[in-house]
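Structure first, then comments.
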Amino acid sequence: MDSRAPVVRADMYAEWVSQTESIQVVTSPTDVLNAFTSGVSRTVVEAVVTFLEKTISSPSTLTTSEQVQWTMQIIGHGLTLPIVAEEPLVNSCVEIYRDWLSALYLPKPCVPPPIILDPNFYAQLIFEQFTEVFSPSQGPCPVSEGHVSLCYKVLQVAHTLVKESSVRFSLETWHTFLKSLLRIANNILAPPLQPNDSIGGKLHEHVIHVLFESWLRACAECFPTPVYWKTLRELCCCWRHHPSLIRCWSSVLLSLSLRVVSLLYSPTHLSCASTPAQEDQDFKQMVDGLRQDALVQAWFRILHTLGDVVDLCHAERVLSMSAAPLGVGAEKEAQPGGQTRRLELLPGIFHDAMSGLAQLVFLFLGIDFGGSSTYYSGVGSPLEAQLPATPGLAHHSPAARRKESKMEKANSAFNANTQKPSSHSRFYVNIPPAASKLCESTSVIRPGGNTLLHLFGSWLFGATTWTSIQTADGTSTLGHASQTQLMEGIDFEAGRAEALRALCAIFSAQPCGVPFLPIYLARFYQALSYGLQYDPETCSGQRVIFIILSSTNLFRKDLQSINVMVPYFLPILECILSGKTNFRYEVKMEELRHAAIQILCCLLCHPYHFLNQPLPDLLCASTGGVLYPKGYQTPPTFLSLKGRILRLLFVAIQDEQDQRNLHLLLQSLHVIIKDIATYECVSSSSTEQHSDSRPVPGDANPNLISEDEDFSLATLFKNACGAAKTCLLTQKWECNTLVSLAALELISGLAELNIEDIHHSVTRDIVLDICAYIEGLALKEILRHSKILHTCIVAAFKALLDFISGHPYTLNSQSCLMKIMKVVELGISGAFSEDQKGHVVYKGLKELKPVSGRVKEIAEFVFASVMERVGSFPSPSGPAAPSSLITEEDLLARLPPDKKEQARFWYYILDNSMVLALLEKGFTEQKDALPTVSAIIRSPSGRHVWTMQLRNHPRSEASPNKHLHGTARPCLNPAPMTTPVPTCRSPWPDSVNQQPMMTVDGSIPTLEDTLDEGLRSIHESAVKLVGQQIEVESRSHDKVHDVTRGRPFPDPDLAQESPEPRTEFETARLFLSHLGLMGIEGVQKDPQSRLPPLAMLDSTRGSFHTQLTALDSLPTRFCNTVFVLYCKRGCTKVFDILAGQDSLNDKPAEFVEFFNGLGWAVDPAHHPGFAGRLHPSIFKEGCGPRQAHIPHRSFPYHATIMTEVAFVMPTLGLGTSGSTASVHSQESSELEPDSFCGDHDCAAMVVWLEDFEDHAHFPLEAMTGLLHSPAHMSTTKAGGKKTLPAIFIHKLSSGLYQIAVRVPSGSFFLGNEVSAGPLVDGMVVSRRTLSLLVRQTTINICSRFRMESEWHTNISTPFTNRKRKIEEFSNQFAKPVEVAEFFSKLFTSEVK
C-alpha cells in the first residue's frame, strides 16, 4: 500500500471574502429616536404605531418616500424595545411590517404607494430591522412566551415570502434577505449552547428550517454568490453543535439528491428510495423548482456547507469554533457546564452527520437505506437498524473527477446570456447535457464506486480509521489513527459504524470489471482491519455489527486482494456464530447471524484454493494481532483456516435457532465437504500439503488448528451425518420442512462420496436414522398430518434410496434391511405387520391405509429399486438404460431362418401389473438343443429380457447329451465256445423215485384212467398235435442256430438303444408350470376382480403393438432437462443469447471444461436415455417465426437410480408458421424416439455470464417461454411467475466462481433464501467442484419443483405412471376365458 495520503483542501472558497464578521458583530441602532430618552422614544413609537393600526383597513396616508422612510425609522426603533415590557407594541410593529411586505406579491390597501412602486428597496430595510427582534441586546432572562411568539411570527413572515411563488426579489433584496436570515440564525445558534427553555432552545429548529428553505428558493431565483456560500459555510461550521442543523442539512441534501439522481439515472433508480418525511416536503417543493444547472451546484455546495464533518468527532476542533458573540437568550459568559453539554452532544451529532452521508451513498447506489439508527447517549444504549443484506443492481462508473481550478463568478455563471461555467471550475459540478435522458441513450445506470469515493471518501475514511493531521502549510493530510485511539473513541462508535456501513455498501456494489483506485482499496482494507477489532470492555459492537450486515457481498466481488480480509472477518464470524456474542448494541441476532453465514458461504473454498499462500497482516505484527501470535515461527497459510471454518460450521449448526440460517449452514457444509473430497481425490500430495501448511506450535492459540484435531474425510463424513441426524430427529426441527429438506439433500450428497476408510457402522446408522425419521412422521396423529408432512416423507424416501444406492453394502446388514423393509411396508400399507406386542397380521388380512397416495407410490418405487437396482447399477446396458434395450423384433431377428416363420410370442398379464411375452423358439440350429424360452417382462420398473433353458445336467459337463446315450455292451471272451450237452430234468427231485409206493399213492388216478371212449380220441389227437409242435419247434431252433452261428455278438441290429431326445417342446407351458402359475387357482377368476392372476392378452388386435410401444416409451426414472447457456457481456436479448450457442469452439476453456464436467458425453444418435425436452412457444422477430431447438450433437448426460439429467445447449432455428404446439426433442428427426419423457418433466437453466451484472437483466421469463413454455409448467402458487429456476455463474479474477440463483417467485420449497442446495444464492465455489455442485443443485432444484407440483397437482412417480399404463393395457387387451378353455389353448397349435 502507498503510505502517502492525498492532501485535502481546507476551503473551496479561499479566494473569496466572507461576511461572517459583519454578521457576527453586534451594532447599535442608528435611527433618530436613539437621540431621545426611552420615554420620549417610546411615546413616539406608540403614537405612530397606534395611528397605523387604526388606518389598516384604509389607504395609507404615507404618500412620499421620505414619509415612509421616517415612519420605518420609528417602527424599526419599536422593534428594539424590550420585548418583555413592551410586547404588545413590538407585536404591532411586526404586524405593520407584515402587511407592508404584501407589496411583494399582493399589496393590501394599507400599503403606502412608495412601497408598492419599489417593494424591493423597502423590503430590504424591513429585513434588516427584523433582525432586531432576535438581537442579543434583548437580554438573556427572563424568557417570555411573547418574545418567542414574536420571533416565530417574524420567521413565519420570511417563510411566507419564500413559499409565495409570485414573489420576485431583486438580486440586492435576496442578498439582504439572506444576510438577515444569517444574522438571525447566528443570534439563535451561535455558541454557547443554550438551554431548552431559552429563545435559542425553542427557535433553533424553526430558524434552521427557514434558512435552508429560503436558501433553496434563492438558488432558484438568483443563485447566491460565492461570498454568501462561504459565509453560510463558515457560520454553519460554528453552529455544528446543534443536532437540528445536522438533521436539517441531511434532509435538504436528501431532497436535492433525489432529484439529482432522477436526472442522472433512470427513474427506476429511486424505486428503493424512502418517501421524505412530512416536515421535509417544503424542501422537496423548493428543490422541484430548481433549474438543472442550479440544482447540481446547490447540491454540491450544500454538501460542503458543514465543512469537514470528521471534525465532529474531534472535540477540540468543535470547541475552537466557539469564538463568536453570544446568541439571544444566552448568558453573557459561558457557564462551565456549557462545554460539557456540547461535548455530550457531539457523538449524536457525529452519528447524524454520518448517517446523512450514508443515506446519500445508498441513494446513489439505488439501495434501500432501511432507515437510520437512532443515537442514544451512553455506552451500549439500545439502537436498532435494519440494514440491507444485499446491494441493489450493478452500475457503471463514469469518468474520474476533473481537476479543480479557479472558479468563475456566480452572477455571470448563472446568467442565461453568458457562458456556462468551465468544467475545471473548483466549486462548480458539471453534468452531461440532457442528463435526464442519460438512462435512455447510454448504458450508465449507476455511479461507480470511485465517483462516490471522490465525493464522500475523504469524510467516510476520515470517520473510520483516519484522522486529519494539520500541517505547517495549513493543509490537512490523512494519517493513521492508532488502535488505542479507535478503542477510546467509543462515544463516536455509532458515527464510525455509519461510515463503515456506507463504505461497505460502496465496495459491495461495484460491478465486475470496474476496478477501484489502489489508494481507495488500501484505505478501505485498513479501515476494515481496524473496524473489525472488537474489545467487549470498551466497545458496544456497533461497528462490527454494521460491517457484518453490510459486507455480505464483499467477497463476491472482483475486488483486488480482497482475500487479505479473510483472517479479520473469521474471528468475528466465530464470535457471532458460536453464540458467544456479548454486544451491548441491540440487534436482531437472526439477521446478524444470517449475514455472518452469507459471508462464511463465500469463504468455504478459500483454504484449498489459495493453499499455502501466507495470510497477510495489515496490522502491525508487533501489536500482537490476530494473525501472528507469539510462539509461531512462520505465518499461517490459508490452508490453516480449514479447521477453523469446519469447526465453526459444526458449532453454528449445533447452536442455530433460525430455519433460514440452518438451511444455509447445511448447504455450506455440503459444499465444503465436496470441495475437500474432490481435492483429495485429484491431489496425490494432499498429505504433505497439510503437514507443510501448519504453523509451528508455541503457546496455545484457539484461533488456529490444533495438532491433535482430526479433520480427515471420514471424520467429516461422520460429523456431517451426525449434523443431519440432529436436524432430522430433533423435536424442534423434525417437522420443519425447509431444514428437513436441507438435511436430506446433505445426506444425498454424502451418498456420492466414495470414502474407503469409512466405517460401515456410520452408513448403517444414517440409514437407520432416515428410517426412524420416516417412521416418526408417518406414525404421527392423523390431525397433525398435512401435505407438507407427506412431502417430507417423500423426500426422506428419496434420500434413503440415494444413500443405499451409493452404499449398497448397507443391505448386507440384517438390521438395515429389516428396517428398510418395515418403513417400506409402513409407506405402502400404513401400518406394520407386527405390532409392539408381537402379534402378526398377515398380508391377506391387513387393511391398506397408506399415509397418502404420494407416500405409497414412492415406497413402492423404493421397494422395486431395492429388489432390482441397488447393487446392480449401472446395468449392463449402461447408466442410460436401466431397462433392457432388446425388443420383440430383436429376438425374432436372432432366430434361425427355418424358425422365424413359426415363431410367435405368447402374451400374458400377471396380477394386472406385469406384461409377460414368451417366445418358445431357441436361437440355435442344433437338433439336440435344450428347451429354450425367452421372456420379455414389462413391469412398472422397466422392461427386462430373460432367455432360459431347461437343463438336467451341470454346465461343467463336456457333452450336454451324454446322459441320453446307452451304456456299451461288455466284450466277448476270446476263448472258443463249447457246445452244451442237452439235459432232461425231472419236474421233481430224484429222491422221490427211491421212496416205496404206498396205497395212498394210487388214490389219484392218471389221466388215461379217467378217460372214457369219447374223450380218449380227443386226448390222442391232442397228444399228436403236441408231438408235431415239438418237432416243428426243434426244426426251427436248429435252423435259427444254423443261421446265427456266423453273426457277431452282440448283434447291432438286435441291440436295445435309448430313445432319441425330443426337439420340439411347448416351453411356454413348461415355463409357466415350473413357476407355479398353472394351478387352477392361478387361472381361475376371483369374483372380486375382473381378471385372474394369470390371463392371456389378445395380440391380434391392431393397436396392440402400438400401445406396447407407448408403454416402453414411458420413462422409468425422473427426467430433468438443464439448458446450459453462455451469455456474452451486455447480451440481454433472447434471440441474441440463443444465437451464440451454436458452437463450443468460440467459448472460453473454463466454460468448455465446466460443460463437459456436468456428465458423461453421449452421442444422441446412439443414446438410449433421456436427451432433453423442449416446450417452446413461437416468437416472431422480423420476417418470420423463430424457435429454439436442441442441436444434434454430443451433450453431457448424468443418471442415477432415480434420476437422469440431460445438459443441452439450445440454439435458435426457424419454426413452422403458425405452429403453437409443443415440440419435443425426441419428435424431431435429429433425436431417437427413446428420449420421450412425460408431460411433467422438470427443467432448469444454467447461465454462464461474462459480466455478472447481466444476471439482473437476463430475460428469464422470455427465455422460459421459448424453452419450456409456462403452459406446460405446474403452478407454484397463486400470483407466482412461471419461470424456470436459473443458476448464474461468473468467474472472478481470483479463479473462484460466484453463484446466483433465481427461482420462481411465490414458491414454498424454492424461495431464493431457502432454495435447494448445495449451491445457494451468493455462494462462491472453486473450479474443481463447480460442475459437480451445479449438477447436484439442478437435480435438487428439479426435485423440489416436482414436490411443489405434487403438492398442488396429482403428479405421480414414473413407477406409478408405468403401473397405471399396464393396468390400462390389461383392461384393453386381456381376454377373460374359462379355465378349460385356457388349458385347451395351451395344448393346441392355434395362435395365442
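In the C-alpha cells, each chain is lettered A, B, ... as it comes, each chain's residues begin at 1, and ligands are numbered from 1 in order of appearance.
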Review point. Which of range 941-1150 of chain A counts as strand (DSSP E or B) under DSSP, as a list in words please?
Key: Gly942, Arg943, His944, Val945, Trp946, Thr947, Met948, Gln949, Leu1094, Ala1095, Met1096, Leu1097, Phe1118, Cys1119, Asn1120, Thr1121, Val1122, Phe1123, Val1124, Leu1125, Tyr1126 and Cys1127 of chain A
Restrict the selected residues to C-alpha atoms and save them as a short mmCIF file (atom, residue, chain, number, x, y, z; two decimals), in the first residue's frame.
```
data_model
loop_
_atom_site.label_atom_id
_atom_site.label_comp_id
_atom_site.auth_asym_id
_atom_site.auth_seq_id
_atom_site.Cartn_x
_atom_site.Cartn_y
_atom_site.Cartn_z
CA GLY A 942 -38.94 -51.22 -16.74
CA ARG A 943 -38.52 -53.80 -19.49
CA HIS A 944 -36.44 -56.89 -18.75
CA VAL A 945 -35.49 -59.73 -21.13
CA TRP A 946 -34.54 -63.23 -19.97
CA THR A 947 -33.62 -66.30 -22.05
CA MET A 948 -33.94 -69.58 -20.11
CA GLN A 949 -33.05 -73.22 -20.87
CA LEU A 1094 -52.72 -65.10 -14.98
CA ALA A 1095 -54.61 -64.03 -18.07
CA MET A 1096 -53.97 -64.10 -21.79
CA LEU A 1097 -53.67 -60.98 -23.91
CA PHE A 1118 -37.40 -38.84 -13.18
CA CYS A 1119 -36.26 -36.87 -16.25
CA ASN A 1120 -34.69 -33.41 -15.97
CA THR A 1121 -33.60 -31.08 -18.76
CA VAL A 1122 -30.95 -28.50 -17.94
CA PHE A 1123 -30.47 -25.76 -20.53
CA VAL A 1124 -26.89 -24.50 -20.43
CA LEU A 1125 -26.36 -21.06 -21.94
CA TYR A 1126 -23.31 -18.88 -22.45
CA CYS A 1127 -24.15 -15.19 -22.17
#
```
Exercise for review: Could you give me, as a PyMOL selection string, the residues within 9 Å of His790 in chain A, counting only C-alpha atoms and dropping anything in the same chain fewer than 5 positions from it?
Suggested key: chain A and resi 777-778+785+795+851-852+854-855
Would you put the residues from that selection into a file with C-alpha atoms, as a PDB file, in the first residue's frame?
```pdb
ATOM      1  CA  LEU A 777     -43.571 -38.705  10.700  1.00  0.00           C
ATOM      2  CA  ALA A 778     -45.804 -41.467   9.378  1.00  0.00           C
ATOM      3  CA  HIS A 785     -50.793 -34.873   9.012  1.00  0.00           C
ATOM      4  CA  ALA A 795     -38.123 -36.580   0.315  1.00  0.00           C
ATOM      5  CA  VAL A 851     -50.357 -42.342   4.800  1.00  0.00           C
ATOM      6  CA  SER A 852     -51.095 -40.804   1.410  1.00  0.00           C
ATOM      7  CA  ARG A 854     -47.720 -39.992  -2.793  1.00  0.00           C
ATOM      8  CA  VAL A 855     -46.107 -41.837   0.101  1.00  0.00           C
TER       9      VAL A 855
END
```
Practice item. Run DSSP on the backbone and give me the residues of range 1057-1090 of chain A it puts in helix (DSSP H, G or I), as a PyMOL selection string. Key: chain A and resi 1067-1074+1080-1083
Would you save the residues of that selection, restricted to C-alpha atoms, as a PDB file, in the first residue's frame?
```pdb
ATOM      1  CA  THR A1067     -41.720 -74.318 -23.485  1.00  0.00           C
ATOM      2  CA  ALA A1068     -44.163 -71.560 -22.602  1.00  0.00           C
ATOM      3  CA  ARG A1069     -46.425 -74.031 -20.895  1.00  0.00           C
ATOM      4  CA  LEU A1070     -43.460 -75.653 -19.159  1.00  0.00           C
ATOM      5  CA  PHE A1071     -42.106 -72.253 -18.003  1.00  0.00           C
ATOM      6  CA  LEU A1072     -45.418 -71.137 -16.540  1.00  0.00           C
ATOM      7  CA  SER A1073     -45.917 -74.517 -14.935  1.00  0.00           C
ATOM      8  CA  HIS A1074     -42.460 -74.547 -13.358  1.00  0.00           C
ATOM      9  CA  ILE A1080     -56.362 -73.873 -11.020  1.00  0.00           C
ATOM     10  CA  GLU A1081     -56.253 -71.007  -8.527  1.00  0.00           C
ATOM     11  CA  GLY A1082     -53.847 -69.125 -10.812  1.00  0.00           C
ATOM     12  CA  VAL A1083     -56.075 -69.135 -13.887  1.00  0.00           C
TER      13      VAL A1083
END
```
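Considering the residues A:Val154, A:Ile96, A:Ala751, A:Val32 and counting only C-alpha atoms, Thr50 in chain A has its shortest atom-to-atom contact with A:Ile96.
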Point to revise | Nearest candidate to Phe905 in chain A (options A:Tyr520, A:Pro1358, A:His1105, A:Leu360; using only C-alpha atoms) | key: A:His1105
